[in-house]
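Visitor: Got a structure for you, written out below as structure tokens; questions coming shortly.
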Amino acid sequence: MDRLFRKKIRRVLIDEAHNIYSTGIPLYGALAHRPAWSQLSTLRIHLDNDVPFQALSGTLPPHIKSFIIDNLQFKPSYQSVTYTSNRPNLVYACRPVVGSLSDFRNLDFVLPPKSKTIIFFDSKADVTNATTYLDNHASWPDSMRGHGFMREYHSDMSTGYLTQTFQSFSSSNGMVLVLCATSCCATARLSVYLVKLLTHFCC
């Protein structure tokens, strides 16, 4: 609210802008996880009209993009810039989920690991249960079970564990082959290590 401070703001860049929709508003009967995301638009009221806003995201399906445009008051005029996410060392595939997402037999295809793999889950409980399932899978030799080749990663864990685990995962010589994680992995560490990771592995 300090006018002199506001004058020093030259631009506003919003990374992971899909959170304006996905965590900033109530969805599917649940309260907003981080309601402050949906309130970023109030900055436009307090800042000068010539302060540019930029919203960045790799996850903008049409309904989320439309919501962000309205929420940040980008209309009547704005520039939309889109770059492809296709890379020569990335391969995309779709697999149907049979039954429930909590039926971890749907993950059997990742074993035995042929490359470093991250599997994202919506809940910490699913992260723990999936890691246990994969680590005890019948295709996994007894001598390799419980030795840290499969790891879980979520925000309830210590900073030391999370740092060590992701460093092992992102290293070409690291022990961790499969990482079962919540979105905290994507926001906290994945962007830092992604270039390094993709240099070595085909995901």
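Ligands are numbered from 1 in the order shown, residues from 1 within each chain, and chains are lettered A, B, ... in the order they appear in the structure tokens.
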With DSSP run on the backbone, what are the strand (DSSP E or B) residues within region 2-199 of chain A? I'd like them as a list in words.
Guide: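 Residues of region 2-199 of chain A classed as strand (DSSP E or B): Val12, Leu13, Ile14, Leu27, Ala30, Phe53, Gln54, Ala55, Thr117, Ile118, Ile119, Phe120, Met150, Arg151, Glu152, Tyr153, Val178, Leu179, Cys180 and Ala181 of chain A.
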Visitor: Which residues are close to Arg6 (chain A), i.e. within 12 Å by only C-alpha atoms, leaving aside same-chain residues fewer than 2 positions away? Reply as a list in words.
Guide: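 With the cut-off at 12 Å, the set is Met1, Asp2, Arg3, Leu4, Lys8, Ile9, Arg10, Arg11, Val12, Leu43, Arg44, Ile45, His46, Leu47, Asp48, Asn49 and Val51 of chain A.
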Visitor: Show me, as a PyMOL selection string, the residues that have an atom within 12 Å of region 70-76 of chain A when counting only C-alpha atoms, minus same-chain residues fewer than 3 positions from it.
Guide: chain A and resi 12-14+17-21+24-25+37-45+49+52-55+63-67+79-80
Visitor: Tell me, as an NGL selection string, which residues lie within 12 Å of Pro96 (chain A), counting only C-alpha atoms; anything in the same chain fewer than 5 positions away does not count.
Guide: :A and (101 or 105-107 or 109)
Visitor: Generate a file of the selected residues that holds C-alpha atoms, formatted as a tab-separated table (two decimals), in the first residue's frame.
Guide:
```tsv
chain	number	residue	atom	x	y	z
A	101	LEU	CA	-6.10	-44.48	-9.51
A	105	ARG	CA	-1.13	-52.30	-10.71
A	106	ASN	CA	-1.58	-49.51	-13.25
A	107	LEU	CA	2.06	-48.64	-12.54
A	109	PHE	CA	4.68	-50.76	-16.75
```
Visitor: Measure the distance from CA of Gly148 (chain A) to CA of Met175 (chain A) in Å and round it to one decimal.
Guide: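 Rounded to one decimal, the two atoms are 7.0 Å apart.
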Visitor: Between CA of Ala130 (chain A) and CA of Met150 (chain A), what is the spacing in Å?
Guide: 9.6 Å
Visitor: Using DSSP on the backbone coordinates, identify all residues within region 132-175 of chain A classified as alpha helix (DSSP H); present the result as a ChimeraX atom specification.
Guide: /A:132-135,159-170
Visitor: Quick one: residues within 12 Å of Tyr83 (chain A), only C-alpha atoms counted, chain neighbours fewer than 2 positions away excluded, as a ChimeraX atom specification?
Guide: /A:56-60,80-81,85-87
Visitor: My list of candidates is A:Thr23, A:Ser170, A:Ser183, A:Gln164. Which is closest to Lys116 (chain A) when distances are computed with only C-alpha atoms?
Guide: A:Ser170
Visitor: Can you work out which one of A:Ala181, A:Leu27, A:Val97, A:Met144 has the shortest atom-to-atom distance to Phe121 (chain A), counting only C-alpha atoms?
Guide: A:Ala181
Visitor: Between CA of Ile69 (chain A) and CA of Glu16 (chain A), measure the distance and give it in Å to one decimal.
Guide: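 Separation between CA of Ile69 (chain A) and CA of Glu16 (chain A): 14.1 Å.
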Visitor: What lies within 12 Å of region 152-158 of chain A using only C-alpha atoms, ignoring chain neighbours under 6 positions off, as a PyMOL selection string?
Guide: chain A and resi 118-135+164-166+169+176-190
Visitor: Pull N, CA and C atoms from the residues just selected and write them as a compact mmCIF listing (two decimals), in the first residue's frame.
Guide:
```txt
# COMPACT_ATOMS: atom_id res chain seq x y z
N ILE A 118 9.60 -40.16 -12.91
CA ILE A 118 8.85 -39.47 -11.86
C ILE A 118 7.37 -39.77 -12.08
N ILE A 119 6.69 -40.18 -11.01
CA ILE A 119 5.25 -40.41 -11.06
C ILE A 119 4.61 -39.44 -10.07
N PHE A 120 3.73 -38.58 -10.56
CA PHE A 120 3.09 -37.58 -9.70
C PHE A 120 1.74 -38.09 -9.20
N PHE A 121 1.45 -37.79 -7.93
CA PHE A 121 0.19 -38.19 -7.30
C PHE A 121 -0.46 -36.96 -6.67
N ASP A 122 -1.77 -37.07 -6.44
CA ASP A 122 -2.50 -35.96 -5.83
C ASP A 122 -2.45 -35.97 -4.31
N SER A 123 -2.08 -37.11 -3.71
CA SER A 123 -2.08 -37.17 -2.24
C SER A 123 -0.81 -37.82 -1.73
N LYS A 124 -0.43 -37.44 -0.51
CA LYS A 124 0.76 -38.02 0.12
C LYS A 124 0.55 -39.49 0.41
N ALA A 125 -0.69 -39.86 0.77
CA ALA A 125 -0.98 -41.27 1.05
C ALA A 125 -0.73 -42.13 -0.19
N ASP A 126 -1.16 -41.64 -1.36
CA ASP A 126 -0.91 -42.39 -2.59
C ASP A 126 0.57 -42.48 -2.90
N VAL A 127 1.32 -41.42 -2.60
CA VAL A 127 2.77 -41.45 -2.80
C VAL A 127 3.40 -42.58 -1.99
N THR A 128 3.05 -42.64 -0.70
CA THR A 128 3.61 -43.66 0.19
C THR A 128 3.19 -45.06 -0.24
N ASN A 129 1.90 -45.22 -0.54
CA ASN A 129 1.39 -46.55 -0.90
C ASN A 129 1.95 -47.02 -2.24
N ALA A 130 2.08 -46.11 -3.19
CA ALA A 130 2.63 -46.49 -4.49
C ALA A 130 4.10 -46.87 -4.39
N THR A 131 4.86 -46.12 -3.59
CA THR A 131 6.28 -46.43 -3.40
C THR A 131 6.44 -47.81 -2.79
N THR A 132 5.62 -48.11 -1.78
CA THR A 132 5.67 -49.42 -1.13
C THR A 132 5.31 -50.52 -2.12
N TYR A 133 4.28 -50.28 -2.92
CA TYR A 133 3.85 -51.27 -3.91
C TYR A 133 4.96 -51.56 -4.91
N LEU A 134 5.56 -50.51 -5.46
CA LEU A 134 6.61 -50.69 -6.47
C LEU A 134 7.85 -51.35 -5.88
N ASP A 135 8.20 -50.95 -4.65
CA ASP A 135 9.41 -51.49 -4.03
C ASP A 135 9.27 -52.97 -3.70
N GLN A 164 18.71 -34.79 -0.64
CA GLN A 164 19.51 -35.98 -0.96
C GLN A 164 18.79 -36.87 -1.98
N THR A 165 17.50 -37.02 -1.80
CA THR A 165 16.73 -37.89 -2.70
C THR A 165 16.73 -37.35 -4.12
N PHE A 166 16.47 -36.04 -4.26
CA PHE A 166 16.40 -35.52 -5.62
C PHE A 166 17.77 -35.43 -6.27
N PHE A 169 18.32 -38.80 -7.56
CA PHE A 169 17.47 -39.05 -8.72
C PHE A 169 17.99 -38.34 -9.97
N VAL A 176 18.56 -43.57 -6.95
CA VAL A 176 17.10 -43.47 -7.08
C VAL A 176 16.71 -43.56 -8.55
N LEU A 177 15.86 -44.55 -8.86
CA LEU A 177 15.42 -44.76 -10.24
C LEU A 177 13.99 -44.30 -10.46
N VAL A 178 13.13 -44.50 -9.46
CA VAL A 178 11.73 -44.12 -9.58
C VAL A 178 11.37 -43.23 -8.40
N LEU A 179 10.79 -42.07 -8.70
CA LEU A 179 10.41 -41.11 -7.68
C LEU A 179 8.90 -40.96 -7.70
N CYS A 180 8.24 -41.32 -6.59
CA CYS A 180 6.81 -41.11 -6.44
C CYS A 180 6.63 -39.82 -5.66
N ALA A 181 5.95 -38.84 -6.24
CA ALA A 181 5.98 -37.50 -5.67
C ALA A 181 4.65 -36.79 -5.77
N THR A 182 4.48 -35.80 -4.90
CA THR A 182 3.38 -34.85 -5.04
C THR A 182 3.89 -33.66 -5.85
N SER A 183 3.04 -32.68 -6.05
CA SER A 183 3.42 -31.53 -6.88
C SER A 183 4.52 -30.70 -6.26
N CYS A 184 4.83 -30.88 -4.97
CA CYS A 184 5.90 -30.09 -4.36
C CYS A 184 7.23 -30.38 -5.05
N CYS A 185 7.36 -31.56 -5.63
CA CYS A 185 8.59 -31.90 -6.36
C CYS A 185 8.71 -31.02 -7.60
N ALA A 186 7.59 -30.78 -8.27
CA ALA A 186 7.62 -29.98 -9.49
C ALA A 186 7.93 -28.53 -9.19
N THR A 187 7.35 -28.01 -8.12
CA THR A 187 7.51 -26.58 -7.85
C THR A 187 8.79 -26.26 -7.12
N ALA A 188 9.27 -27.19 -6.29
CA ALA A 188 10.42 -26.88 -5.45
C ALA A 188 11.75 -27.23 -6.10
N ARG A 189 11.81 -28.34 -6.86
CA ARG A 189 13.11 -28.80 -7.31
C ARG A 189 13.18 -29.14 -8.79
N LEU A 190 12.07 -29.56 -9.38
CA LEU A 190 12.16 -30.10 -10.73
C LEU A 190 12.69 -29.08 -11.71
```
